[in-house]
Every structure is written in structure tokens, then in C-alpha cells.
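Report on the following structure.
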Amino acid sequence: MKKALEDFLDRNLPLPGVAACSARLADRSFVSRCYGDWFTAAQIEQALNRLALAADSLGYHGIQPTRICWVFERTRIHLALRRDAACLAFFVENRPGAPNPKLQALLEEFVAMSA
């Protein structure tokens, strides 16, 4: 899946407002892209690990998320979770009221990708 994911990201990114993205595959390896100096690959991979852990912990309360969005002062993080434990996060500029349909479509396509 790693090669298919790399091709998928390279084919569809960068997008306006996307500062970085990172995917953690089922084998715990990463595919990351940074599109500016806001984030380093190490930062987004560490953040993705923590956010995926937070999403996993919701399962202990009977909540099974497939998508989560965290909103910070300057950044929004969109996280998509797959059943095989792979996940993809987009780190985007926080522009309230400016949804990006292409970004939403990419998250949905990631979830639907074959392993």
C-alpha cells in the first residue's frame, strides 16, 4: 500500500491551504509530505501518532470514529481512519467557512483504498 499511497499523494497534492500531510500505515511506517516551513516531517509524524492514539482511545467509550477534525488557532487537522489501523492526516490553514471539497474527497478516497 505504501507505493500506492505515495503515488496517490503525489498525484493529488499540494492543494491550496494544505501545509502538510502524513499517513501512518498498518505496519506503522509513514508517508509524509510538507509544503512549506510550518511543519517538519518529524513533527507531523509525532502529531499523527498522538492523534491516532486519541482516536483509538474513543473506542473504549463505544465511539468508533472514521473522521475527526481538530481546530487550533492557525491550523486544522483532518484525520481519516481505516479499519486496518492506517490513518491519514492533513494539516491545513485554519480558514473558517472555507471547506475544501477536494480535501474531503481525498480523505474519502484514502479510506476506500485497497490494502
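Every chain in the C-alpha cells has a letter given in the order shown (A, B, ...), and although residue numbers restart at 1 in each chain, ligands are simply numbered from 1 in the order shown.
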May I have the residues within 12 Å of stretch 106-109 of chain A as an mmCIF file with all heavy atoms, in the first residue's frame, using only C-alpha atoms and disregarding those fewer than 5 positions away in the same chain?
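Here's the written file result38.cif:
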```cif
data_model
loop_
_atom_site.group_PDB
_atom_site.id
_atom_site.type_symbol
_atom_site.label_atom_id
_atom_site.label_comp_id
_atom_site.auth_asym_id
_atom_site.auth_seq_id
_atom_site.Cartn_x
_atom_site.Cartn_y
_atom_site.Cartn_z
ATOM 1 N N ALA A 4 1.366 2.766 -3.492
ATOM 2 C CA ALA A 4 0.085 3.298 -3.988
ATOM 3 C C ALA A 4 -0.261 4.601 -3.278
ATOM 4 O O ALA A 4 -0.744 5.557 -3.908
ATOM 5 C CB ALA A 4 -1.023 2.274 -3.798
ATOM 6 N N LEU A 5 0.011 4.675 -1.978
ATOM 7 C CA LEU A 5 -0.274 5.889 -1.219
ATOM 8 C C LEU A 5 0.645 7.026 -1.636
ATOM 9 O O LEU A 5 0.208 8.167 -1.802
ATOM 10 C CB LEU A 5 -0.151 5.616 0.281
ATOM 11 C CG LEU A 5 -0.464 6.796 1.179
ATOM 12 C CD1 LEU A 5 -1.876 7.326 0.948
ATOM 13 C CD2 LEU A 5 -0.273 6.412 2.622
ATOM 14 N N PHE A 8 -0.622 8.279 -4.883
ATOM 15 C CA PHE A 8 -1.879 8.984 -4.641
ATOM 16 C C PHE A 8 -1.607 10.405 -4.140
ATOM 17 O O PHE A 8 -2.179 11.375 -4.644
ATOM 18 C CB PHE A 8 -2.697 8.182 -3.618
ATOM 19 C CG PHE A 8 -3.877 8.885 -3.040
ATOM 20 C CD1 PHE A 8 -5.034 9.068 -3.787
ATOM 21 C CD2 PHE A 8 -3.856 9.342 -1.732
ATOM 22 C CE1 PHE A 8 -6.133 9.703 -3.248
ATOM 23 C CE2 PHE A 8 -4.951 9.973 -1.180
ATOM 24 C CZ PHE A 8 -6.090 10.154 -1.941
ATOM 25 N N LEU A 9 -0.718 10.553 -3.157
ATOM 26 C CA LEU A 9 -0.405 11.873 -2.621
ATOM 27 C C LEU A 9 0.293 12.744 -3.658
ATOM 28 O O LEU A 9 -0.040 13.921 -3.827
ATOM 29 C CB LEU A 9 0.441 11.752 -1.352
ATOM 30 C CG LEU A 9 -0.247 11.109 -0.148
ATOM 31 C CD1 LEU A 9 0.747 10.941 0.995
ATOM 32 C CD2 LEU A 9 -1.465 11.887 0.286
ATOM 33 N N ASP A 10 1.265 12.178 -4.365
ATOM 34 C CA ASP A 10 1.997 12.948 -5.373
ATOM 35 C C ASP A 10 1.096 13.398 -6.514
ATOM 36 O O ASP A 10 1.266 14.483 -7.056
ATOM 37 C CB ASP A 10 3.169 12.125 -5.923
ATOM 38 C CG ASP A 10 4.266 11.916 -4.892
ATOM 39 O OD1 ASP A 10 4.311 12.668 -3.887
ATOM 40 O OD2 ASP A 10 5.068 10.992 -5.077
ATOM 41 N N ARG A 11 0.111 12.595 -6.840
ATOM 42 C CA ARG A 11 -0.825 12.911 -7.923
ATOM 43 C C ARG A 11 -1.816 14.006 -7.524
ATOM 44 O O ARG A 11 -2.250 14.783 -8.357
ATOM 45 C CB ARG A 11 -1.559 11.627 -8.311
ATOM 46 C CG ARG A 11 -2.375 11.659 -9.539
ATOM 47 C CD ARG A 11 -2.927 10.283 -9.935
ATOM 48 N NE ARG A 11 -3.686 9.621 -8.873
ATOM 49 C CZ ARG A 11 -3.304 8.541 -8.211
ATOM 50 N NH1 ARG A 11 -2.147 7.962 -8.482
ATOM 51 N NH2 ARG A 11 -4.048 8.013 -7.268
ATOM 52 N N ASN A 12 -2.158 14.095 -6.239
ATOM 53 C CA ASN A 12 -3.230 14.987 -5.799
ATOM 54 C C ASN A 12 -2.795 16.206 -4.990
ATOM 55 O O ASN A 12 -3.619 17.078 -4.725
ATOM 56 C CB ASN A 12 -4.242 14.189 -4.970
ATOM 57 C CG ASN A 12 -5.013 13.220 -5.823
ATOM 58 O OD1 ASN A 12 -5.822 13.614 -6.640
ATOM 59 N ND2 ASN A 12 -4.731 11.933 -5.653
ATOM 60 N N LEU A 13 -1.547 16.258 -4.600
ATOM 61 C CA LEU A 13 -1.074 17.362 -3.772
ATOM 62 C C LEU A 13 0.088 18.068 -4.431
ATOM 63 O O LEU A 13 0.736 17.493 -5.286
ATOM 64 C CB LEU A 13 -0.647 16.827 -2.401
ATOM 65 C CG LEU A 13 -1.756 16.203 -1.571
ATOM 66 C CD1 LEU A 13 -1.177 15.530 -0.337
ATOM 67 C CD2 LEU A 13 -2.785 17.228 -1.163
ATOM 68 N N PRO A 14 0.368 19.282 -4.055
ATOM 69 C CA PRO A 14 -0.218 20.069 -2.982
ATOM 70 C C PRO A 14 -1.565 20.688 -3.379
ATOM 71 O O PRO A 14 -1.875 20.808 -4.565
ATOM 72 C CB PRO A 14 0.811 21.158 -2.720
ATOM 73 C CG PRO A 14 1.505 21.342 -4.020
ATOM 74 C CD PRO A 14 1.489 19.987 -4.690
ATOM 75 N N LEU A 15 -2.319 21.068 -2.356
ATOM 76 C CA LEU A 15 -3.578 21.781 -2.510
ATOM 77 C C LEU A 15 -3.464 23.119 -1.792
ATOM 78 O O LEU A 15 -2.737 23.221 -0.801
ATOM 79 C CB LEU A 15 -4.738 20.995 -1.887
ATOM 80 C CG LEU A 15 -5.194 19.722 -2.574
ATOM 81 C CD1 LEU A 15 -6.252 19.023 -1.725
ATOM 82 C CD2 LEU A 15 -5.767 20.043 -3.945
ATOM 83 N N CYS A 21 0.935 16.786 5.123
ATOM 84 C CA CYS A 21 0.091 15.607 5.326
ATOM 85 C C CYS A 21 0.992 14.458 5.742
ATOM 86 O O CYS A 21 2.184 14.440 5.458
ATOM 87 C CB CYS A 21 -0.710 15.261 4.078
ATOM 88 S SG CYS A 21 0.276 14.627 2.728
ATOM 89 N N SER A 22 0.377 13.520 6.447
ATOM 90 C CA SER A 22 1.117 12.344 6.888
ATOM 91 C C SER A 22 0.156 11.177 6.989
ATOM 92 O O SER A 22 -0.973 11.333 7.459
ATOM 93 C CB SER A 22 1.782 12.594 8.245
ATOM 94 O OG SER A 22 2.588 11.487 8.618
ATOM 95 N N ALA A 23 0.611 10.032 6.543
ATOM 96 C CA ALA A 23 -0.160 8.795 6.673
ATOM 97 C C ALA A 23 0.665 7.814 7.481
ATOM 98 O O ALA A 23 1.875 7.703 7.291
ATOM 99 C CB ALA A 23 -0.477 8.210 5.303
ATOM 100 N N THR A 66 -14.466 7.541 12.249
ATOM 101 C CA THR A 66 -13.818 7.305 10.961
ATOM 102 C C THR A 66 -13.157 8.588 10.470
ATOM 103 O O THR A 66 -12.217 8.523 9.683
ATOM 104 C CB THR A 66 -14.817 6.812 9.901
ATOM 105 O OG1 THR A 66 -15.876 7.750 9.780
ATOM 106 C CG2 THR A 66 -15.369 5.445 10.270
ATOM 107 N N ARG A 67 -13.668 9.718 10.924
ATOM 108 C CA ARG A 67 -13.078 11.013 10.589
ATOM 109 C C ARG A 67 -13.167 11.924 11.804
ATOM 110 O O ARG A 67 -14.177 11.954 12.490
ATOM 111 C CB ARG A 67 -13.848 11.663 9.436
ATOM 112 C CG ARG A 67 -13.827 10.896 8.139
ATOM 113 C CD ARG A 67 -12.796 11.378 7.159
ATOM 114 N NE ARG A 67 -12.858 12.776 6.880
ATOM 115 C CZ ARG A 67 -13.642 13.335 5.952
ATOM 116 N NH1 ARG A 67 -14.442 12.608 5.224
ATOM 117 N NH2 ARG A 67 -13.608 14.631 5.752
ATOM 118 N N ILE A 68 -12.100 12.683 12.033
ATOM 119 C CA ILE A 68 -12.058 13.651 13.129
ATOM 120 C C ILE A 68 -11.374 14.910 12.604
ATOM 121 O O ILE A 68 -10.441 14.830 11.800
ATOM 122 C CB ILE A 68 -11.259 13.105 14.341
ATOM 123 C CG1 ILE A 68 -11.880 11.819 14.870
ATOM 124 C CG2 ILE A 68 -11.194 14.147 15.451
ATOM 125 C CD1 ILE A 68 -11.077 11.162 15.977
ATOM 126 N N CYS A 69 -11.816 16.060 13.090
ATOM 127 C CA CYS A 69 -11.167 17.327 12.756
ATOM 128 C C CYS A 69 -10.889 18.081 14.045
ATOM 129 O O CYS A 69 -11.791 18.298 14.848
ATOM 130 C CB CYS A 69 -12.050 18.165 11.832
ATOM 131 S SG CYS A 69 -11.314 19.763 11.418
ATOM 132 N N ILE A 77 -6.572 20.100 11.647
ATOM 133 C CA ILE A 77 -6.033 18.785 11.319
ATOM 134 C C ILE A 77 -7.211 17.871 11.034
ATOM 135 O O ILE A 77 -8.066 17.662 11.893
ATOM 136 C CB ILE A 77 -5.165 18.211 12.452
ATOM 137 C CG1 ILE A 77 -4.021 19.170 12.787
ATOM 138 C CG2 ILE A 77 -4.625 16.834 12.050
ATOM 139 C CD1 ILE A 77 -3.223 18.767 14.007
ATOM 140 N N HIS A 78 -7.255 17.363 9.811
ATOM 141 C CA HIS A 78 -8.300 16.436 9.380
ATOM 142 C C HIS A 78 -7.696 15.039 9.378
ATOM 143 O O HIS A 78 -6.685 14.799 8.719
ATOM 144 C CB HIS A 78 -8.793 16.780 7.969
ATOM 145 C CG HIS A 78 -9.444 18.120 7.880
ATOM 146 N ND1 HIS A 78 -10.791 18.284 8.053
ATOM 147 C CD2 HIS A 78 -8.931 19.350 7.652
ATOM 148 C CE1 HIS A 78 -11.099 19.555 7.925
ATOM 149 N NE2 HIS A 78 -9.982 20.228 7.689
ATOM 150 N N LEU A 79 -8.321 14.125 10.112
ATOM 151 C CA LEU A 79 -7.809 12.764 10.253
ATOM 152 C C LEU A 79 -8.846 11.769 9.758
ATOM 153 O O LEU A 79 -10.012 11.844 10.137
ATOM 154 C CB LEU A 79 -7.497 12.476 11.734
ATOM 155 C CG LEU A 79 -7.022 11.071 12.089
ATOM 156 C CD1 LEU A 79 -5.639 10.802 11.505
ATOM 157 C CD2 LEU A 79 -7.003 10.884 13.599
ATOM 158 N N ALA A 80 -8.414 10.874 8.878
ATOM 159 C CA ALA A 80 -9.258 9.775 8.404
ATOM 160 C C ALA A 80 -8.644 8.473 8.896
ATOM 161 O O ALA A 80 -7.425 8.278 8.812
ATOM 162 C CB ALA A 80 -9.339 9.775 6.884
ATOM 163 N N LEU A 81 -9.495 7.593 9.415
ATOM 164 C CA LEU A 81 -9.052 6.319 9.982
ATOM 165 C C LEU A 81 -9.618 5.171 9.170
ATOM 166 O O LEU A 81 -10.791 5.182 8.808
ATOM 167 C CB LEU A 81 -9.535 6.215 11.424
ATOM 168 C CG LEU A 81 -9.078 7.354 12.323
ATOM 169 C CD1 LEU A 81 -10.075 7.607 13.425
ATOM 170 C CD2 LEU A 81 -7.718 7.031 12.878
ATOM 171 N N ARG A 82 -8.785 4.183 8.920
ATOM 172 C CA ARG A 82 -9.211 2.977 8.198
ATOM 173 C C ARG A 82 -9.343 1.816 9.175
ATOM 174 O O ARG A 82 -8.748 1.825 10.242
ATOM 175 C CB ARG A 82 -8.183 2.623 7.128
ATOM 176 C CG ARG A 82 -8.113 3.617 5.991
ATOM 177 C CD ARG A 82 -6.909 3.364 5.099
ATOM 178 N NE ARG A 82 -6.654 1.974 4.847
ATOM 179 C CZ ARG A 82 -6.857 1.352 3.681
ATOM 180 N NH1 ARG A 82 -7.307 2.031 2.655
ATOM 181 N NH2 ARG A 82 -6.593 0.073 3.536
ATOM 182 N N CYS A 87 -4.000 5.454 8.898
ATOM 183 C CA CYS A 87 -4.683 6.734 9.030
ATOM 184 C C CYS A 87 -3.937 7.792 8.224
ATOM 185 O O CYS A 87 -2.752 7.651 7.927
ATOM 186 C CB CYS A 87 -4.815 7.137 10.490
ATOM 187 S SG CYS A 87 -3.282 7.150 11.426
ATOM 188 N N LEU A 88 -4.667 8.833 7.860
ATOM 189 C CA LEU A 88 -4.122 9.929 7.063
ATOM 190 C C LEU A 88 -4.570 11.231 7.682
ATOM 191 O O LEU A 88 -5.753 11.401 7.997
ATOM 192 C CB LEU A 88 -4.623 9.843 5.615
ATOM 193 C CG LEU A 88 -4.298 11.017 4.686
ATOM 194 C CD1 LEU A 88 -2.791 11.144 4.463
ATOM 195 C CD2 LEU A 88 -5.034 10.849 3.357
ATOM 196 N N ALA A 89 -3.630 12.159 7.861
ATOM 197 C CA ALA A 89 -3.943 13.472 8.412
ATOM 198 C C ALA A 89 -3.467 14.563 7.459
ATOM 199 O O ALA A 89 -2.363 14.481 6.910
ATOM 200 C CB ALA A 89 -3.285 13.664 9.768
ATOM 201 N N PHE A 90 -4.318 15.560 7.285
ATOM 202 C CA PHE A 90 -3.965 16.770 6.552
ATOM 203 C C PHE A 90 -3.879 17.916 7.554
ATOM 204 O O PHE A 90 -4.798 18.112 8.354
ATOM 205 C CB PHE A 90 -5.013 17.112 5.492
ATOM 206 C CG PHE A 90 -4.957 16.229 4.284
ATOM 207 C CD1 PHE A 90 -5.885 15.220 4.108
ATOM 208 C CD2 PHE A 90 -3.982 16.405 3.321
ATOM 209 C CE1 PHE A 90 -5.843 14.403 2.995
ATOM 210 C CE2 PHE A 90 -3.931 15.588 2.202
ATOM 211 C CZ PHE A 90 -4.858 14.581 2.043
ATOM 212 N N ASN A 100 -12.827 22.643 1.896
ATOM 213 C CA ASN A 100 -12.147 22.255 0.672
ATOM 214 C C ASN A 100 -12.709 20.912 0.218
ATOM 215 O O ASN A 100 -12.339 19.869 0.758
ATOM 216 C CB ASN A 100 -10.639 22.158 0.925
ATOM 217 C CG ASN A 100 -9.857 21.932 -0.345
ATOM 218 O OD1 ASN A 100 -10.358 21.354 -1.308
ATOM 219 N ND2 ASN A 100 -8.621 22.384 -0.347
ATOM 220 N N PRO A 101 -13.620 20.921 -0.785
ATOM 221 C CA PRO A 101 -14.226 19.662 -1.224
ATOM 222 C C PRO A 101 -13.198 18.658 -1.752
ATOM 223 O O PRO A 101 -13.365 17.453 -1.587
ATOM 224 C CB PRO A 101 -15.200 20.076 -2.317
ATOM 225 C CG PRO A 101 -15.170 21.550 -2.411
ATOM 226 C CD PRO A 101 -14.120 22.068 -1.488
ATOM 227 N N SER A 114 -7.618 0.073 -1.411
ATOM 228 C CA SER A 114 -7.388 -1.323 -1.017
ATOM 229 C C SER A 114 -6.035 -1.433 -0.333
ATOM 230 O O SER A 114 -5.103 -0.699 -0.631
ATOM 231 C CB SER A 114 -7.456 -2.240 -2.222
ATOM 232 O OG SER A 114 -6.458 -1.900 -3.152
#
```
Please identify which residues in chain A DSSP calls strand (DSSP E) from the backbone, and express them as an MDAnalysis selection string.
-> chainID A and resid 18:24 30:34 67:71 75:81 87:93
Pick from A:Gly36, A:Trp70, A:Val18, A:Ala41, whichever lies nearest to A:Ala54 using only C-alpha atoms |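 Once distances to A:Ala54 are computed over only C-alpha atoms, the minimum belongs to A:Trp70.
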For A:Val71, please output as a PyMOL selection string all residues within 10 Å (counting only C-alpha atoms; exclusion window: fewer than 4 positions along the same chain).
-> chain A and resi 75-78+92-96
Distance criterion (only C-alpha atoms): nearest to A:Met113 out of A:Ala42, A:Leu53, A:Ala86, A:Ala47 =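 Between A:Ala42, A:Leu53, A:Ala86, A:Ala47, the residue approaching A:Met113 most closely is A:Ala86.
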Between atom CA of A:Ala55 and atom CA of A:Ala112, what is the distance, to one decimal in Å?
-> 18.8 Å
Pull the helix (DSSP H, G or I) assignments for stretch 7-94 of chain A out of DSSP run on the backbone, and list those residues as a ChimeraX atom specification.
-> /A:7-12,41-61
Looking at A:Gln104, A:Ala19, A:Val31, A:Ala26, which one is nearest to A:Glu6, with distances taken over only C-alpha atoms?
->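 Of A:Gln104, A:Ala19, A:Val31, A:Ala26, the one nearest A:Glu6, counting only C-alpha atoms, is A:Val31.
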Between atom CA of A:Ala105 and atom CA of A:Asn49 - distance in Å to one decimal = 22.8 Å
